[in-house]
Amino acid sequence: MKRELVFITVIGADRKGIVAAVSTCLYEQNINIVDINQRIMTDGYFVMTMLADVAESYISMEELHTELEAIGKRLNMKIQVQHENIFKMMHRI
Amino acid sequence: MTFTVEEVYETASMISEQNLDIRAATLGVNLKDCIDNDFEAFRKNVYERIVFHGRRLIRAAGTVERKYGVPIVNKRIAVTPVSLIMETHVEREKFLAMARTLDQAAMDADVDFIGGFGAMVQKGMTRSERMLIDALPDVLSRTGRICAFLNVGSNVSGLNLDALNLLGAMLRETAAKSRDSIGCARFVVFVNAPEDNPFMAGAFHGVGEGDAALNIGISGPGVVKSVVEKNTAGDLTQLAETIKKTVFKITRSGELIGREMAGLLEIGFGIVDISLASTTAAGDSVAGVIEAFGIEKMGAHGSTMALALLMNAVKKGGAMASGNIGGLSGTFIPVSEDAGMIDAVQCGALGIDKLEALTAVCSVGLDMIAVPGDTPDHVINGIIADELAIGIVNNKTTGVRIIPAMGKQAGEILEFGGLLGRVPVMTVNPYSAKAFLARGGRLPAPVTSLRN
């Protein structure tokens, strides 16, 4: 089956409900979570990355951006969505 | 394929924190086949061609922007040099009418700028080219989106001083006719102008190009500054390595985005121009990078070597990342837009003389410098001539974008507002090369022109 993978990056101060809020949104839009990681970076930021398959998503990338941006605002976190190709280009030769 | 949190975070924060962006997506469009004996039909062809391509460019940019979360800041069109397509319509009123058509088309397509209102006059001038230069003050002061260029020299042809000698008067007239002298900000004079440069004001679609080509200018001085600040220890080799790795990553994202956009537009992908270009955003400053190396203020003795190191690392990192590096590919050091450059001028660390020296090791020349409005024509020509001689002798592109600030003296500030920001008016050497420049003719090409 064709997969279309995007990374969702959540950056900010750690708090309860981050995973719940993002994953609920993804579930409602028929987006499958492939992998989740999180870490406190050396500069003190909490960073969570989610690899998600948007191939069967009910909504477009643009709408997903808008939804996640709203969640980010509510949680006071920065949320970015980027197609995995950019990570392949930048970090793998 | 998996990525670590650190890798994903690095890419995400380059965009959200360090102002990585696609500075320019410039679509080169051939207009030669729009030419018609009937001038009104010709204008209609040009208008329709630009609006068609411009609208597609905007749509494709929006799609790719959303897919990768990388902002594409400026969308531009570059066209065949206008003097060339006007060769059979050499009338002043027609040049002005064509300028209005191009400006209107750019506005209706919603592209930021349209480049190519210019001429290649490195060896001589046709009637059309001469008329274009004469029309420039009216074109630049009466339109909002047209960018103009002249190429007055090359390694092979030498430098056409007769063409250059027209520019001081042309620029002063343009400044006098425009609000805040702003028309001059949309004109650049080059030697060795690249035909695929995506950056304005000098972009045009060269005669060696096909019907259309997409060229991408990518930029991230904020990203480079950030890695330099994190690597305060280490000698110059290590510093260069750090920058190379970062520029490699930046350029790869430009290559990816350019290819995808070209695919959507169903046209050939031209080049990635990896040039560090500042913006007015905090930290997005080339002077900031140089100062992060350990230079107290841009312009201090040592700055030229620091810039040479930066240029070298940028080019090497970029060359590894893309097989299509082109355009100017270097480091812009405009004395506007870049808060660090403006500071350096205002505190006396940087003057025109040092700026000229800095351009000997980087592209693209004296960019966005303001001089007092009463600077004589021949002094402006002298400033341009010196800078362009550096390009000719060193086998590289150099350009000059100079603004006589009408009604202002050295030390004052010329405010443009918007993307162009503000420019401090610089002190000019009061002595003259008038008699030398008045000799006219051509500066002979360097001995490297005899390679054949």
# chains A, B, ... in the order shown; residues from 1 in each chain; ligands from 1

$ residues_around --residues "A:Gly72" --least-positions-apart "2" --cutoff "10 Å" --atoms "only C-alpha atoms" --output "PyMOL selection string"
chain A and resi 10-12+18+21-22+66-70+74-80

$ write_last_selection --atoms "N, CA and C atoms" --output "mmCIF file, in the first residue's frame"
data_model
loop_
_atom_site.group_PDB
_atom_site.id
_atom_site.type_symbol
_atom_site.label_atom_id
_atom_site.label_comp_id
_atom_site.auth_asym_id
_atom_site.auth_seq_id
_atom_site.Cartn_x
_atom_site.Cartn_y
_atom_site.Cartn_z
ATOM 1 N N VAL A 10 6.665 18.885 17.464
ATOM 2 C CA VAL A 10 6.057 19.720 18.499
ATOM 3 C C VAL A 10 7.178 20.246 19.396
ATOM 4 N N ILE A 11 7.292 21.553 19.504
ATOM 5 C CA ILE A 11 8.395 22.142 20.268
ATOM 6 C C ILE A 11 7.830 23.092 21.333
ATOM 7 N N GLY A 12 8.372 23.022 22.534
ATOM 8 C CA GLY A 12 7.934 23.956 23.578
ATOM 9 C C GLY A 12 8.327 23.448 24.951
ATOM 10 N N ILE A 18 -0.117 16.670 25.501
ATOM 11 C CA ILE A 18 0.391 16.965 24.157
ATOM 12 C C ILE A 18 0.104 15.807 23.206
ATOM 13 N N ALA A 21 -3.643 15.334 22.561
ATOM 14 C CA ALA A 21 -4.268 16.329 21.676
ATOM 15 C C ALA A 21 -3.914 16.066 20.221
ATOM 16 N N VAL A 22 -2.617 15.842 19.951
ATOM 17 C CA VAL A 22 -2.194 15.652 18.563
ATOM 18 C C VAL A 22 -2.737 14.329 18.015
ATOM 19 N N THR A 66 -3.482 23.810 9.494
ATOM 20 C CA THR A 66 -4.364 24.733 10.216
ATOM 21 C C THR A 66 -4.839 24.103 11.527
ATOM 22 N N GLU A 67 -5.251 22.841 11.463
ATOM 23 C CA GLU A 67 -5.742 22.159 12.669
ATOM 24 C C GLU A 67 -4.666 22.072 13.731
ATOM 25 N N LEU A 68 -3.458 21.647 13.288
ATOM 26 C CA LEU A 68 -2.383 21.463 14.265
ATOM 27 C C LEU A 68 -1.903 22.807 14.817
ATOM 28 N N GLU A 69 -1.934 23.801 13.971
ATOM 29 C CA GLU A 69 -1.543 25.139 14.434
ATOM 30 C C GLU A 69 -2.467 25.598 15.560
ATOM 31 N N ALA A 70 -3.758 25.309 15.401
ATOM 32 C CA ALA A 70 -4.738 25.691 16.429
ATOM 33 C C ALA A 70 -4.449 24.948 17.733
ATOM 34 N N ARG A 74 -3.288 26.456 21.433
ATOM 35 C CA ARG A 74 -3.994 26.141 22.683
ATOM 36 C C ARG A 74 -3.015 25.631 23.739
ATOM 37 N N LEU A 75 -2.040 24.828 23.299
ATOM 38 C CA LEU A 75 -1.089 24.224 24.246
ATOM 39 C C LEU A 75 0.141 25.101 24.466
ATOM 40 N N ASN A 76 0.195 26.222 23.741
ATOM 41 C CA ASN A 76 1.369 27.091 23.795
ATOM 42 C C ASN A 76 2.642 26.360 23.346
ATOM 43 N N MET A 77 2.509 25.568 22.281
ATOM 44 C CA MET A 77 3.643 24.845 21.691
ATOM 45 C C MET A 77 3.711 25.224 20.209
ATOM 46 N N LYS A 78 4.904 25.017 19.626
ATOM 47 C CA LYS A 78 5.011 25.248 18.185
ATOM 48 C C LYS A 78 4.877 23.898 17.480
ATOM 49 N N ILE A 79 3.958 23.780 16.539
ATOM 50 C CA ILE A 79 3.773 22.506 15.823
ATOM 51 C C ILE A 79 4.007 22.728 14.330
ATOM 52 N N GLN A 80 4.906 21.924 13.750
ATOM 53 C CA GLN A 80 5.193 22.024 12.319
ATOM 54 C C GLN A 80 4.910 20.687 11.645
#

$ select_by_dssp --residues "stretch 16-91 of chain A" --states "strand (DSSP E)" --output "PyMOL selection string"
chain A and resi 32-40+46-53+78-83

$ atom_distance --atom1 "atom CA of B:Gly373" --atom2 "atom CA of B:Lys177"
12.4 Å

$ closest_atom_pairs --of "chain A" --to "chain B" --cutoff "8 Å" --atoms "only C-alpha atoms" --output "JSON lines"
{"residue": "A:Phe7", "atom": "CA", "partner": "B:Val8", "partner_atom": "CA", "distance": 7.8}
{"residue": "A:Thr9", "atom": "CA", "partner": "B:Ala12", "partner_atom": "CA", "distance": 7.1}
{"residue": "A:Asn37", "atom": "CA", "partner": "B:Val5", "partner_atom": "CA", "distance": 6.6}
{"residue": "A:Gln38", "atom": "CA", "partner": "B:Val5", "partner_atom": "CA", "distance": 6.8}
{"residue": "A:Arg39", "atom": "CA", "partner": "B:Val5", "partner_atom": "CA", "distance": 7.1}
{"residue": "A:Met41", "atom": "CA", "partner": "B:Glu6", "partner_atom": "CA", "distance": 7.8}
{"residue": "A:Val47", "atom": "CA", "partner": "B:Tyr9", "partner_atom": "CA", "distance": 7.1}
{"residue": "A:Met48", "atom": "CA", "partner": "B:Val5", "partner_atom": "CA", "distance": 7.3}
{"residue": "A:Thr49", "atom": "CA", "partner": "B:Val5", "partner_atom": "CA", "distance": 6.3}
{"residue": "A:Met61", "atom": "CA", "partner": "B:Lys67", "partner_atom": "CA", "distance": 6.5}
{"residue": "A:Glu62", "atom": "CA", "partner": "B:Arg66", "partner_atom": "CA", "distance": 6.1}
{"residue": "A:His65", "atom": "CA", "partner": "B:Arg66", "partner_atom": "CA", "distance": 7.9}
{"residue": "A:Gln80", "atom": "CA", "partner": "B:Ala12", "partner_atom": "CA", "distance": 7.1}
{"residue": "A:Val81", "atom": "CA", "partner": "B:Gly69", "partner_atom": "CA", "distance": 6.4}
{"residue": "A:Gln82", "atom": "CA", "partner": "B:Tyr68", "partner_atom": "CA", "distance": 4.5}
{"residue": "A:His83", "atom": "CA", "partner": "B:Tyr68", "partner_atom": "CA", "distance": 5.3}
{"residue": "A:Ile86", "atom": "CA", "partner": "B:Ser253", "partner_atom": "CA", "distance": 6.1}
{"residue": "A:Phe87", "atom": "CA", "partner": "B:Val8", "partner_atom": "CA", "distance": 7.0}
{"residue": "A:Met89", "atom": "CA", "partner": "B:Arg252", "partner_atom": "CA", "distance": 5.7}
{"residue": "A:Met90", "atom": "CA", "partner": "B:Lys249", "partner_atom": "CA", "distance": 4.6}
{"residue": "A:His91", "atom": "CA", "partner": "B:Lys249", "partner_atom": "CA", "distance": 7.1}

$ select_by_dssp --residues "chain A" --states "alpha helix (DSSP H)" --output "PyMOL selection string"
chain A and resi 18-28+61-75+85-91

$ write_last_selection --atoms "C-alpha atoms" --output "tab-separated table (two decimals), in the first residue's frame"
chain	number	residue	atom	x	y	z
A	18	ILE	CA	0.39	16.97	24.16
A	19	VAL	CA	0.36	13.43	22.76
A	20	ALA	CA	-3.35	13.11	23.47
A	21	ALA	CA	-4.27	16.33	21.68
A	22	VAL	CA	-2.19	15.65	18.56
A	23	SER	CA	-3.05	11.97	18.28
A	24	THR	CA	-6.77	12.61	18.72
A	25	CYS	CA	-6.66	15.08	15.87
A	26	LEU	CA	-4.79	12.60	13.66
A	27	TYR	CA	-7.18	9.77	14.54
A	28	GLU	CA	-10.20	11.88	13.65
A	61	MET	CA	-1.88	19.09	4.11
A	62	GLU	CA	-3.05	22.68	4.31
A	63	GLU	CA	-6.03	21.80	6.49
A	64	LEU	CA	-3.85	19.59	8.66
A	65	HIS	CA	-1.48	22.53	9.13
A	66	THR	CA	-4.36	24.73	10.22
A	67	GLU	CA	-5.74	22.16	12.67
A	68	LEU	CA	-2.38	21.46	14.27
A	69	GLU	CA	-1.54	25.14	14.43
A	70	ALA	CA	-4.74	25.69	16.43
A	71	ILE	CA	-3.78	22.86	18.81
A	72	GLY	CA	-0.30	24.35	19.15
A	73	LYS	CA	-1.76	27.71	20.04
A	74	ARG	CA	-3.99	26.14	22.68
A	75	LEU	CA	-1.09	24.22	24.25
A	85	ASN	CA	11.35	14.03	1.74
A	86	ILE	CA	12.95	17.16	3.17
A	87	PHE	CA	14.59	15.14	5.97
A	88	LYS	CA	15.83	12.57	3.46
A	89	MET	CA	17.38	15.34	1.38
A	90	MET	CA	18.96	17.18	4.27
A	91	HIS	CA	20.17	14.37	6.49

$ residues_around --residues "B:Leu450" --least-positions-apart "6" --cutoff "12 Å" --atoms "only C-alpha atoms" --output "MDAnalysis selection string"
chainID B and resid 155:158 444

$ closest_residue --among "A:Glu84, A:Ser57, A:Arg3, A:Ile8" --to "A:Ile36" --atoms "only C-alpha atoms"
A:Ile8
